[in-house]
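As stored in data_33.cif (mmCIF, N, CA and C atoms and all ligand atoms):
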```cif
data_final
loop_
_atom_site.label_atom_id
_atom_site.label_comp_id
_atom_site.auth_asym_id
_atom_site.auth_seq_id
_atom_site.Cartn_x
_atom_site.Cartn_y
_atom_site.Cartn_z
N MET A 1430 -21.08 -3.71 -10.32
CA MET A 1430 -20.21 -2.90 -11.17
C MET A 1430 -19.13 -2.23 -10.32
N THR A 1431 -17.97 -2.07 -10.91
CA THR A 1431 -16.89 -1.31 -10.28
C THR A 1431 -15.97 -0.82 -11.39
N TYR A 1432 -15.09 0.07 -11.05
CA TYR A 1432 -14.03 0.44 -11.97
C TYR A 1432 -12.78 -0.35 -11.61
N VAL A 1433 -11.91 -0.55 -12.61
CA VAL A 1433 -10.79 -1.48 -12.48
C VAL A 1433 -9.52 -0.82 -13.03
N ILE A 1434 -8.42 -0.92 -12.28
CA ILE A 1434 -7.12 -0.47 -12.80
C ILE A 1434 -6.48 -1.64 -13.55
N THR A 1435 -6.03 -1.39 -14.75
CA THR A 1435 -5.45 -2.47 -15.55
C THR A 1435 -3.94 -2.26 -15.76
N ALA A 1436 -3.35 -3.07 -16.62
CA ALA A 1436 -1.89 -3.17 -16.72
C ALA A 1436 -1.18 -1.89 -17.12
N ALA A 1437 -1.84 -1.00 -17.84
CA ALA A 1437 -1.15 0.20 -18.32
C ALA A 1437 -0.62 1.07 -17.19
N CYS A 1438 -1.17 0.92 -16.00
CA CYS A 1438 -0.69 1.71 -14.85
C CYS A 1438 0.62 1.19 -14.28
N ILE A 1439 0.91 -0.08 -14.50
CA ILE A 1439 2.08 -0.70 -13.86
C ILE A 1439 3.35 0.04 -14.27
N ASP A 1440 4.11 0.46 -13.28
CA ASP A 1440 5.37 1.21 -13.42
C ASP A 1440 5.17 2.64 -13.92
N VAL A 1441 3.92 3.06 -14.12
CA VAL A 1441 3.62 4.48 -14.42
C VAL A 1441 3.18 5.12 -13.11
N LYS A 1442 2.01 4.67 -12.61
CA LYS A 1442 1.58 5.00 -11.24
C LYS A 1442 1.83 6.48 -10.91
N ASP A 1443 1.28 7.36 -11.74
CA ASP A 1443 1.52 8.80 -11.50
C ASP A 1443 0.59 9.39 -10.44
N LEU A 1444 -0.37 8.60 -9.99
CA LEU A 1444 -1.26 8.95 -8.86
C LEU A 1444 -2.31 10.01 -9.20
N SER A 1445 -2.46 10.39 -10.47
CA SER A 1445 -3.48 11.38 -10.83
C SER A 1445 -4.87 10.97 -10.37
N CYS A 1446 -5.18 9.70 -10.49
CA CYS A 1446 -6.54 9.25 -10.17
C CYS A 1446 -6.87 9.34 -8.69
N LEU A 1447 -5.86 9.25 -7.83
CA LEU A 1447 -6.14 9.26 -6.40
C LEU A 1447 -6.84 10.55 -5.98
N THR A 1448 -6.41 11.67 -6.51
CA THR A 1448 -7.01 12.93 -6.10
C THR A 1448 -8.37 13.15 -6.75
N SER A 1449 -8.66 12.43 -7.81
CA SER A 1449 -9.96 12.59 -8.48
C SER A 1449 -11.06 11.81 -7.79
N CYS A 1450 -10.73 10.84 -7.00
CA CYS A 1450 -11.74 9.92 -6.45
C CYS A 1450 -12.46 10.54 -5.25
N PRO A 1451 -13.78 10.73 -5.34
CA PRO A 1451 -14.51 11.40 -4.26
C PRO A 1451 -14.64 10.57 -2.99
N VAL A 1452 -14.40 9.27 -3.08
CA VAL A 1452 -14.52 8.43 -1.88
C VAL A 1452 -13.18 7.80 -1.46
N ASP A 1453 -12.09 8.24 -2.09
CA ASP A 1453 -10.75 7.76 -1.72
C ASP A 1453 -10.65 6.24 -1.69
N CYS A 1454 -11.16 5.61 -2.76
CA CYS A 1454 -11.12 4.14 -2.78
C CYS A 1454 -10.05 3.60 -3.72
N ILE A 1455 -9.07 4.45 -4.09
CA ILE A 1455 -7.94 3.99 -4.90
C ILE A 1455 -6.71 3.98 -3.99
N TYR A 1456 -6.08 2.81 -3.88
CA TYR A 1456 -5.03 2.58 -2.89
C TYR A 1456 -3.70 2.27 -3.56
N GLN A 1457 -2.61 2.73 -2.96
CA GLN A 1457 -1.28 2.56 -3.54
C GLN A 1457 -0.63 1.26 -3.13
N GLY A 1458 -0.22 0.48 -4.14
CA GLY A 1458 0.65 -0.66 -3.94
C GLY A 1458 2.05 -0.26 -4.38
N GLY A 1459 2.88 -1.24 -4.72
CA GLY A 1459 4.25 -0.96 -5.09
C GLY A 1459 4.41 -0.45 -6.50
N ARG A 1460 3.90 -1.21 -7.50
CA ARG A 1460 4.09 -0.84 -8.90
C ARG A 1460 2.84 -0.26 -9.54
N THR A 1461 1.71 -0.32 -8.85
CA THR A 1461 0.46 0.17 -9.42
C THR A 1461 -0.47 0.58 -8.29
N VAL A 1462 -1.67 1.01 -8.66
CA VAL A 1462 -2.69 1.33 -7.67
C VAL A 1462 -3.89 0.42 -7.90
N TYR A 1463 -4.76 0.34 -6.90
CA TYR A 1463 -5.86 -0.63 -6.92
C TYR A 1463 -7.15 0.02 -6.45
N ILE A 1464 -8.25 -0.31 -7.09
CA ILE A 1464 -9.56 0.18 -6.67
C ILE A 1464 -10.24 -0.86 -5.78
N GLN A 1465 -10.71 -0.41 -4.62
CA GLN A 1465 -11.46 -1.29 -3.71
C GLN A 1465 -12.87 -1.41 -4.28
N PRO A 1466 -13.26 -2.57 -4.80
CA PRO A 1466 -14.50 -2.66 -5.57
C PRO A 1466 -15.77 -2.43 -4.76
N ASP A 1467 -15.73 -2.72 -3.46
CA ASP A 1467 -16.92 -2.51 -2.64
C ASP A 1467 -17.10 -1.04 -2.26
N GLU A 1468 -16.03 -0.26 -2.38
CA GLU A 1468 -16.09 1.15 -2.01
C GLU A 1468 -16.34 2.06 -3.21
N CYS A 1469 -15.99 1.58 -4.40
CA CYS A 1469 -16.15 2.38 -5.62
C CYS A 1469 -17.63 2.69 -5.88
N ILE A 1470 -17.93 3.98 -6.12
CA ILE A 1470 -19.33 4.38 -6.38
C ILE A 1470 -19.59 4.55 -7.88
N ASN A 1471 -18.63 4.12 -8.71
CA ASN A 1471 -18.83 4.08 -10.17
C ASN A 1471 -19.09 5.43 -10.80
N CYS A 1472 -18.42 6.46 -10.27
CA CYS A 1472 -18.64 7.81 -10.82
C CYS A 1472 -17.90 8.03 -12.12
N GLY A 1473 -16.83 7.28 -12.37
CA GLY A 1473 -16.10 7.37 -13.62
C GLY A 1473 -15.08 8.49 -13.70
N LEU A 1474 -14.92 9.28 -12.64
CA LEU A 1474 -13.99 10.41 -12.69
C LEU A 1474 -12.55 9.96 -12.92
N CYS A 1475 -12.15 8.88 -12.26
CA CYS A 1475 -10.76 8.42 -12.39
C CYS A 1475 -10.43 8.07 -13.83
N GLU A 1476 -11.37 7.48 -14.53
CA GLU A 1476 -11.13 7.09 -15.93
C GLU A 1476 -10.80 8.31 -16.78
N THR A 1477 -11.38 9.45 -16.47
CA THR A 1477 -11.19 10.64 -17.29
C THR A 1477 -9.82 11.29 -17.07
N VAL A 1478 -9.15 11.01 -15.96
CA VAL A 1478 -7.87 11.68 -15.69
C VAL A 1478 -6.65 10.80 -15.95
N CYS A 1479 -6.84 9.51 -16.15
CA CYS A 1479 -5.68 8.62 -16.31
C CYS A 1479 -4.96 8.90 -17.63
N PRO A 1480 -3.66 9.25 -17.59
CA PRO A 1480 -2.94 9.61 -18.81
C PRO A 1480 -2.64 8.43 -19.72
N VAL A 1481 -2.77 7.22 -19.20
CA VAL A 1481 -2.43 6.04 -20.02
C VAL A 1481 -3.64 5.15 -20.29
N GLY A 1482 -4.82 5.61 -19.96
CA GLY A 1482 -6.03 4.82 -20.26
C GLY A 1482 -6.08 3.49 -19.53
N ALA A 1483 -5.59 3.48 -18.30
CA ALA A 1483 -5.53 2.22 -17.55
C ALA A 1483 -6.83 1.86 -16.85
N ILE A 1484 -7.76 2.81 -16.72
CA ILE A 1484 -8.94 2.58 -15.89
C ILE A 1484 -10.18 2.39 -16.77
N HIS A 1485 -10.93 1.32 -16.45
CA HIS A 1485 -12.15 1.01 -17.20
C HIS A 1485 -13.22 0.52 -16.23
N SER A 1486 -14.47 0.72 -16.61
CA SER A 1486 -15.56 0.04 -15.93
C SER A 1486 -15.42 -1.46 -16.18
N ASP A 1487 -15.82 -2.27 -15.20
CA ASP A 1487 -15.74 -3.71 -15.43
C ASP A 1487 -16.69 -4.18 -16.53
N GLU A 1488 -17.62 -3.32 -16.90
CA GLU A 1488 -18.55 -3.68 -17.99
C GLU A 1488 -17.97 -3.36 -19.37
N ARG A 1489 -16.84 -2.63 -19.39
CA ARG A 1489 -16.22 -2.27 -20.68
C ARG A 1489 -14.74 -2.67 -20.71
N LEU A 1490 -14.37 -3.66 -19.95
CA LEU A 1490 -12.96 -4.05 -19.90
C LEU A 1490 -12.52 -4.72 -21.19
N PRO A 1491 -11.35 -4.34 -21.71
CA PRO A 1491 -10.80 -5.09 -22.83
C PRO A 1491 -10.63 -6.56 -22.42
N ALA A 1492 -10.86 -7.47 -23.35
CA ALA A 1492 -10.85 -8.90 -23.04
C ALA A 1492 -9.54 -9.35 -22.40
N ASP A 1493 -8.42 -8.77 -22.83
CA ASP A 1493 -7.14 -9.22 -22.29
C ASP A 1493 -6.84 -8.63 -20.91
N MET A 1494 -7.76 -7.83 -20.39
CA MET A 1494 -7.57 -7.24 -19.07
C MET A 1494 -8.56 -7.77 -18.04
N LEU A 1495 -9.31 -8.80 -18.41
CA LEU A 1495 -10.34 -9.31 -17.50
C LEU A 1495 -9.78 -9.79 -16.17
N GLU A 1496 -8.56 -10.30 -16.18
CA GLU A 1496 -7.99 -10.81 -14.92
C GLU A 1496 -7.79 -9.70 -13.90
N PHE A 1497 -7.80 -8.45 -14.36
CA PHE A 1497 -7.56 -7.35 -13.42
C PHE A 1497 -8.75 -7.04 -12.51
N VAL A 1498 -9.91 -7.59 -12.81
CA VAL A 1498 -11.02 -7.52 -11.85
C VAL A 1498 -10.59 -8.21 -10.56
N ALA A 1499 -10.08 -9.41 -10.69
CA ALA A 1499 -9.61 -10.15 -9.52
C ALA A 1499 -8.35 -9.53 -8.92
N VAL A 1500 -7.48 -9.00 -9.76
CA VAL A 1500 -6.25 -8.38 -9.25
C VAL A 1500 -6.60 -7.24 -8.29
N ASN A 1501 -7.52 -6.37 -8.70
CA ASN A 1501 -7.91 -5.25 -7.83
C ASN A 1501 -8.57 -5.77 -6.55
N ALA A 1502 -9.52 -6.68 -6.68
CA ALA A 1502 -10.25 -7.17 -5.50
C ALA A 1502 -9.32 -7.93 -4.55
N GLU A 1503 -8.48 -8.80 -5.09
CA GLU A 1503 -7.65 -9.65 -4.23
C GLU A 1503 -6.52 -8.90 -3.54
N PHE A 1504 -6.17 -7.72 -4.06
CA PHE A 1504 -5.16 -6.89 -3.39
C PHE A 1504 -5.58 -6.61 -1.94
N PHE A 1505 -6.88 -6.53 -1.71
CA PHE A 1505 -7.39 -6.20 -0.37
C PHE A 1505 -7.63 -7.43 0.49
N GLY A 1506 -7.44 -8.60 -0.08
CA GLY A 1506 -7.73 -9.85 0.61
C GLY A 1506 -6.53 -10.37 1.40
N PRO A 1507 -6.70 -11.53 2.04
CA PRO A 1507 -5.69 -12.05 2.96
C PRO A 1507 -4.37 -12.44 2.32
N ASP A 1508 -4.37 -12.70 1.02
CA ASP A 1508 -3.13 -13.13 0.37
C ASP A 1508 -2.22 -11.96 -0.02
N VAL A 1509 -2.72 -10.72 0.06
CA VAL A 1509 -1.85 -9.56 -0.24
C VAL A 1509 -1.84 -8.63 0.98
N THR A 1510 -2.76 -7.70 1.09
CA THR A 1510 -2.68 -6.75 2.22
C THR A 1510 -3.55 -7.13 3.40
N GLY A 1511 -4.66 -7.86 3.17
CA GLY A 1511 -5.59 -8.15 4.25
C GLY A 1511 -6.35 -6.93 4.75
N TRP A 1512 -6.36 -5.86 3.97
CA TRP A 1512 -7.02 -4.62 4.41
C TRP A 1512 -8.55 -4.72 4.33
N ASN A 1513 -9.05 -5.59 3.51
CA ASN A 1513 -10.50 -5.69 3.27
C ASN A 1513 -11.06 -4.35 2.79
N SER A 1514 -11.91 -3.69 3.56
CA SER A 1514 -12.49 -2.42 3.12
C SER A 1514 -12.16 -1.33 4.13
N PRO A 1515 -11.02 -0.65 3.95
CA PRO A 1515 -10.60 0.36 4.94
C PRO A 1515 -11.48 1.60 4.97
N ARG A 1516 -12.28 1.81 3.92
CA ARG A 1516 -13.16 3.00 3.82
C ARG A 1516 -12.37 4.29 3.79
N GLY A 1517 -11.32 4.30 2.96
CA GLY A 1517 -10.61 5.56 2.75
C GLY A 1517 -9.11 5.35 2.73
N ALA A 1518 -8.48 5.75 1.60
CA ALA A 1518 -7.05 5.56 1.44
C ALA A 1518 -6.30 6.69 2.12
N ASP A 1519 -5.91 6.51 3.38
CA ASP A 1519 -5.06 7.50 4.03
C ASP A 1519 -3.65 6.93 4.14
N ALA A 1520 -2.76 7.63 4.83
CA ALA A 1520 -1.36 7.23 4.88
C ALA A 1520 -1.16 5.84 5.46
N GLN A 1521 -2.09 5.43 6.28
CA GLN A 1521 -1.99 4.11 6.91
C GLN A 1521 -2.16 2.99 5.87
N TYR A 1522 -2.88 3.28 4.81
CA TYR A 1522 -3.19 2.27 3.81
C TYR A 1522 -2.44 2.54 2.51
N LYS A 1523 -1.14 2.35 2.60
CA LYS A 1523 -0.24 2.53 1.47
C LYS A 1523 0.85 1.49 1.68
N THR A 1524 1.24 0.82 0.61
CA THR A 1524 2.18 -0.30 0.80
C THR A 1524 3.08 -0.46 -0.43
N THR A 1525 4.15 -1.21 -0.24
CA THR A 1525 4.99 -1.59 -1.38
C THR A 1525 4.59 -2.97 -1.91
N LEU A 1526 3.59 -3.60 -1.30
CA LEU A 1526 3.12 -4.90 -1.77
C LEU A 1526 2.34 -4.77 -3.07
N ASP A 1527 2.31 -5.84 -3.85
CA ASP A 1527 1.49 -5.91 -5.06
C ASP A 1527 0.85 -7.28 -5.16
N HIS A 1528 -0.22 -7.35 -5.94
CA HIS A 1528 -0.85 -8.64 -6.28
C HIS A 1528 0.17 -9.46 -7.10
N PRO A 1529 0.20 -10.78 -6.95
CA PRO A 1529 1.16 -11.61 -7.68
C PRO A 1529 1.16 -11.39 -9.19
N VAL A 1530 0.02 -11.12 -9.78
CA VAL A 1530 -0.02 -10.85 -11.23
C VAL A 1530 0.82 -9.61 -11.56
N VAL A 1531 0.76 -8.62 -10.70
CA VAL A 1531 1.52 -7.38 -10.92
C VAL A 1531 3.00 -7.62 -10.61
N VAL A 1532 3.28 -8.35 -9.55
CA VAL A 1532 4.67 -8.67 -9.20
C VAL A 1532 5.38 -9.33 -10.39
N ASN A 1533 4.65 -10.21 -11.08
CA ASN A 1533 5.25 -10.97 -12.17
C ASN A 1533 5.10 -10.31 -13.53
N TRP A 1534 4.48 -9.13 -13.58
CA TRP A 1534 4.30 -8.45 -14.87
C TRP A 1534 5.64 -7.94 -15.37
N PRO A 1535 5.95 -8.09 -16.65
CA PRO A 1535 7.22 -7.58 -17.17
C PRO A 1535 7.35 -6.08 -16.91
N ARG A 1536 8.54 -5.65 -16.56
CA ARG A 1536 8.75 -4.25 -16.25
C ARG A 1536 8.44 -3.40 -17.49
N GLN A 1537 7.77 -2.27 -17.26
CA GLN A 1537 7.32 -1.43 -18.37
C GLN A 1537 7.98 -0.06 -18.30
N GLY A 1538 8.17 0.55 -19.45
CA GLY A 1538 8.56 1.94 -19.52
C GLY A 1538 10.04 2.21 -19.32
N ASP A 1539 10.89 1.16 -19.36
CA ASP A 1539 12.33 1.40 -19.19
C ASP A 1539 12.93 1.95 -20.47
S1 LIG B 1601 -15.13 5.33 -10.47
FE1 LIG B 1601 -15.26 7.07 -9.00
S2 LIG B 1601 -15.47 6.08 -7.01
FE2 LIG B 1601 -14.74 4.50 -8.42
S3 LIG B 1601 -12.51 4.55 -8.19
FE3 LIG B 1601 -13.04 5.89 -9.91
S4 LIG B 1601 -13.17 7.95 -9.00
FE4 LIG B 1601 -13.28 6.45 -7.31
S1 LIG B 1602 -4.08 7.88 -13.23
FE1 LIG B 1602 -3.73 5.97 -14.39
S2 LIG B 1602 -1.48 5.74 -14.46
FE2 LIG B 1602 -1.96 7.25 -12.88
S3 LIG B 1602 -2.01 6.05 -10.98
FE3 LIG B 1602 -4.11 6.18 -11.73
S4 LIG B 1602 -4.40 4.32 -12.99
FE4 LIG B 1602 -2.21 4.61 -12.67
#
```
Exercise: express the given structure as structure tokens:
Amino acid sequence: MTYVITAACIDVKDLSCLTSCPVDCIYQGGRTVYIQPDECINCGLCETVCPVGAIHSDERLPADMLEFVAVNAEFFGPDVTGWNSPRGADAQYKTTLDHPVVVNWPRQGD
């Protein structure tokens, strides 16, 4: 189990969830943020603070958001950041890169 950031965060990215996470496992990309699934302790705090309802447990994901399980996980893999499991989102682990699904997502909120 893990929590997952889905499409509603794209181009909103207000960062509220970052300060709520007790293990700092939410990391900043360019247009959205990503949860490191191996670091998430499934406390659910981030879900309660998101103003756009972008965060869900992977066990309660809306069907049209299922691809975001892979989007979050692959952000940390060799094809995007290669960070793997940094064990804490500090200034060193912040980027303008995004997962290809996010890069190609239609711009929101204009
Ligand atoms: S569920 Fe808890 S540990 Fe997981 S990303 Fe959200 S705040 Fe962090
Ligand atoms: S609180 Fe919601 S909108 Fe804000 S950065 Fe986190 S997931 Fe994105």
Legend entry - Selection as a ChimeraX atom specification: residues within 7 Å of ligand LIG 1601 (chain B) by all atoms listed in the file: /A:1431-1433,1446,1449-1455,1464-1465,1468-1476
Identify, counting all atoms listed in the file, the protein, DNA and RNA residues located within 7 Å of ligand LIG 1602 (chain B), and give them as a PDB file with N, CA and C atoms, in the frame of the given file.
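The result, stored in result.pdb:
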```pdb
ATOM      1  N   ILE A1434      -8.420  -0.920 -12.280  1.00  0.00           N
ATOM      2  CA  ILE A1434      -7.120  -0.470 -12.800  1.00  0.00           C
ATOM      3  C   ILE A1434      -6.480  -1.640 -13.550  1.00  0.00           C
ATOM      4  N   THR A1435      -6.030  -1.390 -14.750  1.00  0.00           N
ATOM      5  CA  THR A1435      -5.450  -2.470 -15.550  1.00  0.00           C
ATOM      6  C   THR A1435      -3.940  -2.260 -15.760  1.00  0.00           C
ATOM      7  N   ALA A1437      -1.840  -1.000 -17.840  1.00  0.00           N
ATOM      8  CA  ALA A1437      -1.150   0.200 -18.320  1.00  0.00           C
ATOM      9  C   ALA A1437      -0.620   1.070 -17.190  1.00  0.00           C
ATOM     10  N   CYS A1438      -1.170   0.920 -16.000  1.00  0.00           N
ATOM     11  CA  CYS A1438      -0.690   1.710 -14.850  1.00  0.00           C
ATOM     12  C   CYS A1438       0.620   1.190 -14.280  1.00  0.00           C
ATOM     13  N   ILE A1439       0.910  -0.080 -14.500  1.00  0.00           N
ATOM     14  CA  ILE A1439       2.080  -0.700 -13.860  1.00  0.00           C
ATOM     15  C   ILE A1439       3.350   0.040 -14.270  1.00  0.00           C
ATOM     16  N   VAL A1441       3.920   3.060 -14.120  1.00  0.00           N
ATOM     17  CA  VAL A1441       3.620   4.480 -14.420  1.00  0.00           C
ATOM     18  C   VAL A1441       3.180   5.120 -13.110  1.00  0.00           C
ATOM     19  N   LYS A1442       2.010   4.670 -12.610  1.00  0.00           N
ATOM     20  CA  LYS A1442       1.580   5.000 -11.240  1.00  0.00           C
ATOM     21  C   LYS A1442       1.830   6.480 -10.910  1.00  0.00           C
ATOM     22  N   ASP A1443       1.280   7.360 -11.740  1.00  0.00           N
ATOM     23  CA  ASP A1443       1.520   8.800 -11.500  1.00  0.00           C
ATOM     24  C   ASP A1443       0.590   9.390 -10.440  1.00  0.00           C
ATOM     25  N   LEU A1444      -0.370   8.600  -9.990  1.00  0.00           N
ATOM     26  CA  LEU A1444      -1.260   8.950  -8.860  1.00  0.00           C
ATOM     27  C   LEU A1444      -2.310  10.010  -9.200  1.00  0.00           C
ATOM     28  N   SER A1445      -2.460  10.390 -10.470  1.00  0.00           N
ATOM     29  CA  SER A1445      -3.480  11.380 -10.830  1.00  0.00           C
ATOM     30  C   SER A1445      -4.870  10.970 -10.370  1.00  0.00           C
ATOM     31  N   CYS A1446      -5.180   9.700 -10.490  1.00  0.00           N
ATOM     32  CA  CYS A1446      -6.540   9.250 -10.170  1.00  0.00           C
ATOM     33  C   CYS A1446      -6.870   9.340  -8.690  1.00  0.00           C
ATOM     34  N   LEU A1447      -5.860   9.250  -7.830  1.00  0.00           N
ATOM     35  CA  LEU A1447      -6.140   9.260  -6.400  1.00  0.00           C
ATOM     36  C   LEU A1447      -6.840  10.550  -5.980  1.00  0.00           C
ATOM     37  N   THR A1461       1.710  -0.320  -8.850  1.00  0.00           N
ATOM     38  CA  THR A1461       0.460   0.170  -9.420  1.00  0.00           C
ATOM     39  C   THR A1461      -0.470   0.580  -8.290  1.00  0.00           C
ATOM     40  N   VAL A1462      -1.670   1.010  -8.660  1.00  0.00           N
ATOM     41  CA  VAL A1462      -2.690   1.330  -7.670  1.00  0.00           C
ATOM     42  C   VAL A1462      -3.890   0.420  -7.900  1.00  0.00           C
ATOM     43  N   CYS A1475     -12.150   8.880 -12.260  1.00  0.00           N
ATOM     44  CA  CYS A1475     -10.760   8.420 -12.390  1.00  0.00           C
ATOM     45  C   CYS A1475     -10.430   8.070 -13.830  1.00  0.00           C
ATOM     46  N   VAL A1478      -9.150  11.010 -15.960  1.00  0.00           N
ATOM     47  CA  VAL A1478      -7.870  11.680 -15.690  1.00  0.00           C
ATOM     48  C   VAL A1478      -6.650  10.800 -15.950  1.00  0.00           C
ATOM     49  N   CYS A1479      -6.840   9.510 -16.150  1.00  0.00           N
ATOM     50  CA  CYS A1479      -5.680   8.620 -16.310  1.00  0.00           C
ATOM     51  C   CYS A1479      -4.960   8.900 -17.630  1.00  0.00           C
ATOM     52  N   PRO A1480      -3.660   9.250 -17.590  1.00  0.00           N
ATOM     53  CA  PRO A1480      -2.940   9.610 -18.810  1.00  0.00           C
ATOM     54  C   PRO A1480      -2.640   8.430 -19.720  1.00  0.00           C
ATOM     55  N   VAL A1481      -2.770   7.220 -19.200  1.00  0.00           N
ATOM     56  CA  VAL A1481      -2.430   6.040 -20.020  1.00  0.00           C
ATOM     57  C   VAL A1481      -3.640   5.150 -20.290  1.00  0.00           C
ATOM     58  N   GLY A1482      -4.820   5.610 -19.960  1.00  0.00           N
ATOM     59  CA  GLY A1482      -6.030   4.820 -20.260  1.00  0.00           C
ATOM     60  C   GLY A1482      -6.080   3.490 -19.530  1.00  0.00           C
ATOM     61  N   ALA A1483      -5.590   3.480 -18.300  1.00  0.00           N
ATOM     62  CA  ALA A1483      -5.530   2.220 -17.550  1.00  0.00           C
ATOM     63  C   ALA A1483      -6.830   1.860 -16.850  1.00  0.00           C
ATOM     64  N   ILE A1484      -7.760   2.810 -16.720  1.00  0.00           N
ATOM     65  CA  ILE A1484      -8.940   2.580 -15.890  1.00  0.00           C
ATOM     66  C   ILE A1484     -10.180   2.390 -16.770  1.00  0.00           C
TER      67      ILE A1484
END
```
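Going from atom C of A:Asp1508 to atom C of A:Leu1526 covers 9.0 Å.
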Apply DSSP to the structure's backbone, then extract all residues of chain A labelled alpha helix (DSSP H) and return them as an mmCIF file with N, CA and C atoms, in the frame of the given file.
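The result, stored in states_3.cif:
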```cif
data_model
loop_
_atom_site.group_PDB
_atom_site.id
_atom_site.type_symbol
_atom_site.label_atom_id
_atom_site.label_comp_id
_atom_site.auth_asym_id
_atom_site.auth_seq_id
_atom_site.Cartn_x
_atom_site.Cartn_y
_atom_site.Cartn_z
ATOM 1 N N SER A 1445 -2.460 10.390 -10.470
ATOM 2 C CA SER A 1445 -3.480 11.380 -10.830
ATOM 3 C C SER A 1445 -4.870 10.970 -10.370
ATOM 4 N N CYS A 1446 -5.180 9.700 -10.490
ATOM 5 C CA CYS A 1446 -6.540 9.250 -10.170
ATOM 6 C C CYS A 1446 -6.870 9.340 -8.690
ATOM 7 N N LEU A 1447 -5.860 9.250 -7.830
ATOM 8 C CA LEU A 1447 -6.140 9.260 -6.400
ATOM 9 C C LEU A 1447 -6.840 10.550 -5.980
ATOM 10 N N THR A 1448 -6.410 11.670 -6.510
ATOM 11 C CA THR A 1448 -7.010 12.930 -6.100
ATOM 12 C C THR A 1448 -8.370 13.150 -6.750
ATOM 13 N N SER A 1449 -8.660 12.430 -7.810
ATOM 14 C CA SER A 1449 -9.960 12.590 -8.480
ATOM 15 C C SER A 1449 -11.060 11.810 -7.790
ATOM 16 N N LEU A 1474 -14.920 9.280 -12.640
ATOM 17 C CA LEU A 1474 -13.990 10.410 -12.690
ATOM 18 C C LEU A 1474 -12.550 9.960 -12.920
ATOM 19 N N CYS A 1475 -12.150 8.880 -12.260
ATOM 20 C CA CYS A 1475 -10.760 8.420 -12.390
ATOM 21 C C CYS A 1475 -10.430 8.070 -13.830
ATOM 22 N N GLU A 1476 -11.370 7.480 -14.530
ATOM 23 C CA GLU A 1476 -11.130 7.090 -15.930
ATOM 24 C C GLU A 1476 -10.800 8.310 -16.780
ATOM 25 N N THR A 1477 -11.380 9.450 -16.470
ATOM 26 C CA THR A 1477 -11.190 10.640 -17.290
ATOM 27 C C THR A 1477 -9.820 11.290 -17.070
ATOM 28 N N VAL A 1478 -9.150 11.010 -15.960
ATOM 29 C CA VAL A 1478 -7.870 11.680 -15.690
ATOM 30 C C VAL A 1478 -6.650 10.800 -15.950
ATOM 31 N N GLU A 1496 -8.560 -10.300 -16.180
ATOM 32 C CA GLU A 1496 -7.990 -10.810 -14.920
ATOM 33 C C GLU A 1496 -7.790 -9.700 -13.900
ATOM 34 N N PHE A 1497 -7.800 -8.450 -14.360
ATOM 35 C CA PHE A 1497 -7.560 -7.350 -13.420
ATOM 36 C C PHE A 1497 -8.750 -7.040 -12.510
ATOM 37 N N VAL A 1498 -9.910 -7.590 -12.810
ATOM 38 C CA VAL A 1498 -11.020 -7.520 -11.850
ATOM 39 C C VAL A 1498 -10.590 -8.210 -10.560
ATOM 40 N N ALA A 1499 -10.080 -9.410 -10.690
ATOM 41 C CA ALA A 1499 -9.610 -10.150 -9.520
ATOM 42 C C ALA A 1499 -8.350 -9.530 -8.920
ATOM 43 N N VAL A 1500 -7.480 -9.000 -9.760
ATOM 44 C CA VAL A 1500 -6.250 -8.380 -9.250
ATOM 45 C C VAL A 1500 -6.600 -7.240 -8.290
ATOM 46 N N ASN A 1501 -7.520 -6.370 -8.700
ATOM 47 C CA ASN A 1501 -7.910 -5.250 -7.830
ATOM 48 C C ASN A 1501 -8.570 -5.770 -6.550
ATOM 49 N N ALA A 1502 -9.520 -6.680 -6.680
ATOM 50 C CA ALA A 1502 -10.250 -7.170 -5.500
ATOM 51 C C ALA A 1502 -9.320 -7.930 -4.550
ATOM 52 N N GLU A 1503 -8.480 -8.800 -5.090
ATOM 53 C CA GLU A 1503 -7.650 -9.650 -4.230
ATOM 54 C C GLU A 1503 -6.520 -8.900 -3.540
ATOM 55 N N PHE A 1504 -6.170 -7.720 -4.060
ATOM 56 C CA PHE A 1504 -5.160 -6.890 -3.390
ATOM 57 C C PHE A 1504 -5.580 -6.610 -1.940
ATOM 58 N N PRO A 1529 0.200 -10.780 -6.950
ATOM 59 C CA PRO A 1529 1.160 -11.610 -7.680
ATOM 60 C C PRO A 1529 1.160 -11.390 -9.190
ATOM 61 N N VAL A 1530 0.020 -11.120 -9.780
ATOM 62 C CA VAL A 1530 -0.020 -10.850 -11.230
ATOM 63 C C VAL A 1530 0.820 -9.610 -11.560
ATOM 64 N N VAL A 1531 0.760 -8.620 -10.700
ATOM 65 C CA VAL A 1531 1.520 -7.380 -10.920
ATOM 66 C C VAL A 1531 3.000 -7.620 -10.610
ATOM 67 N N VAL A 1532 3.280 -8.350 -9.550
ATOM 68 C CA VAL A 1532 4.670 -8.670 -9.200
ATOM 69 C C VAL A 1532 5.380 -9.330 -10.390
#
```
How big is the axis-aligned box, and where does its centre sit, when it encloses all atoms of stretch 1521-1528 of chain A listed in the file and has 3 Å added on every side, reported in Å to one decimal as lines of an AutoDock Vina configuration file?
```
center_x = 0.9
center_y = -2.0
center_z = -0.1
size_x = 14.2
size_y = 20.9
size_z = 20.0
```
Inset, instruction - From a DSSP calculation on the backbone, collect every residue of chain A in strand (DSSP E or B) and output the set as a PyMOL selection string. - result: chain A and resi 1432-1434+1455-1457+1462-1464+1484-1486+1523
Legend entry - atom N of A:Asp1493 to atom C of A:Gly1517, straight-line distance in Å: 29.2 Å
Legend entry - Between atom CA of A:Asn1501 and atom C of A:Tyr1463, distance in Å (one decimal): 5.5 Å
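Ranking A:Asp1440, A:Glu1496, A:Glu1503, A:Asp1487 by their shortest atom-to-atom distance to A:His1528, with only N, CA and C atoms included, puts A:Glu1503 first.
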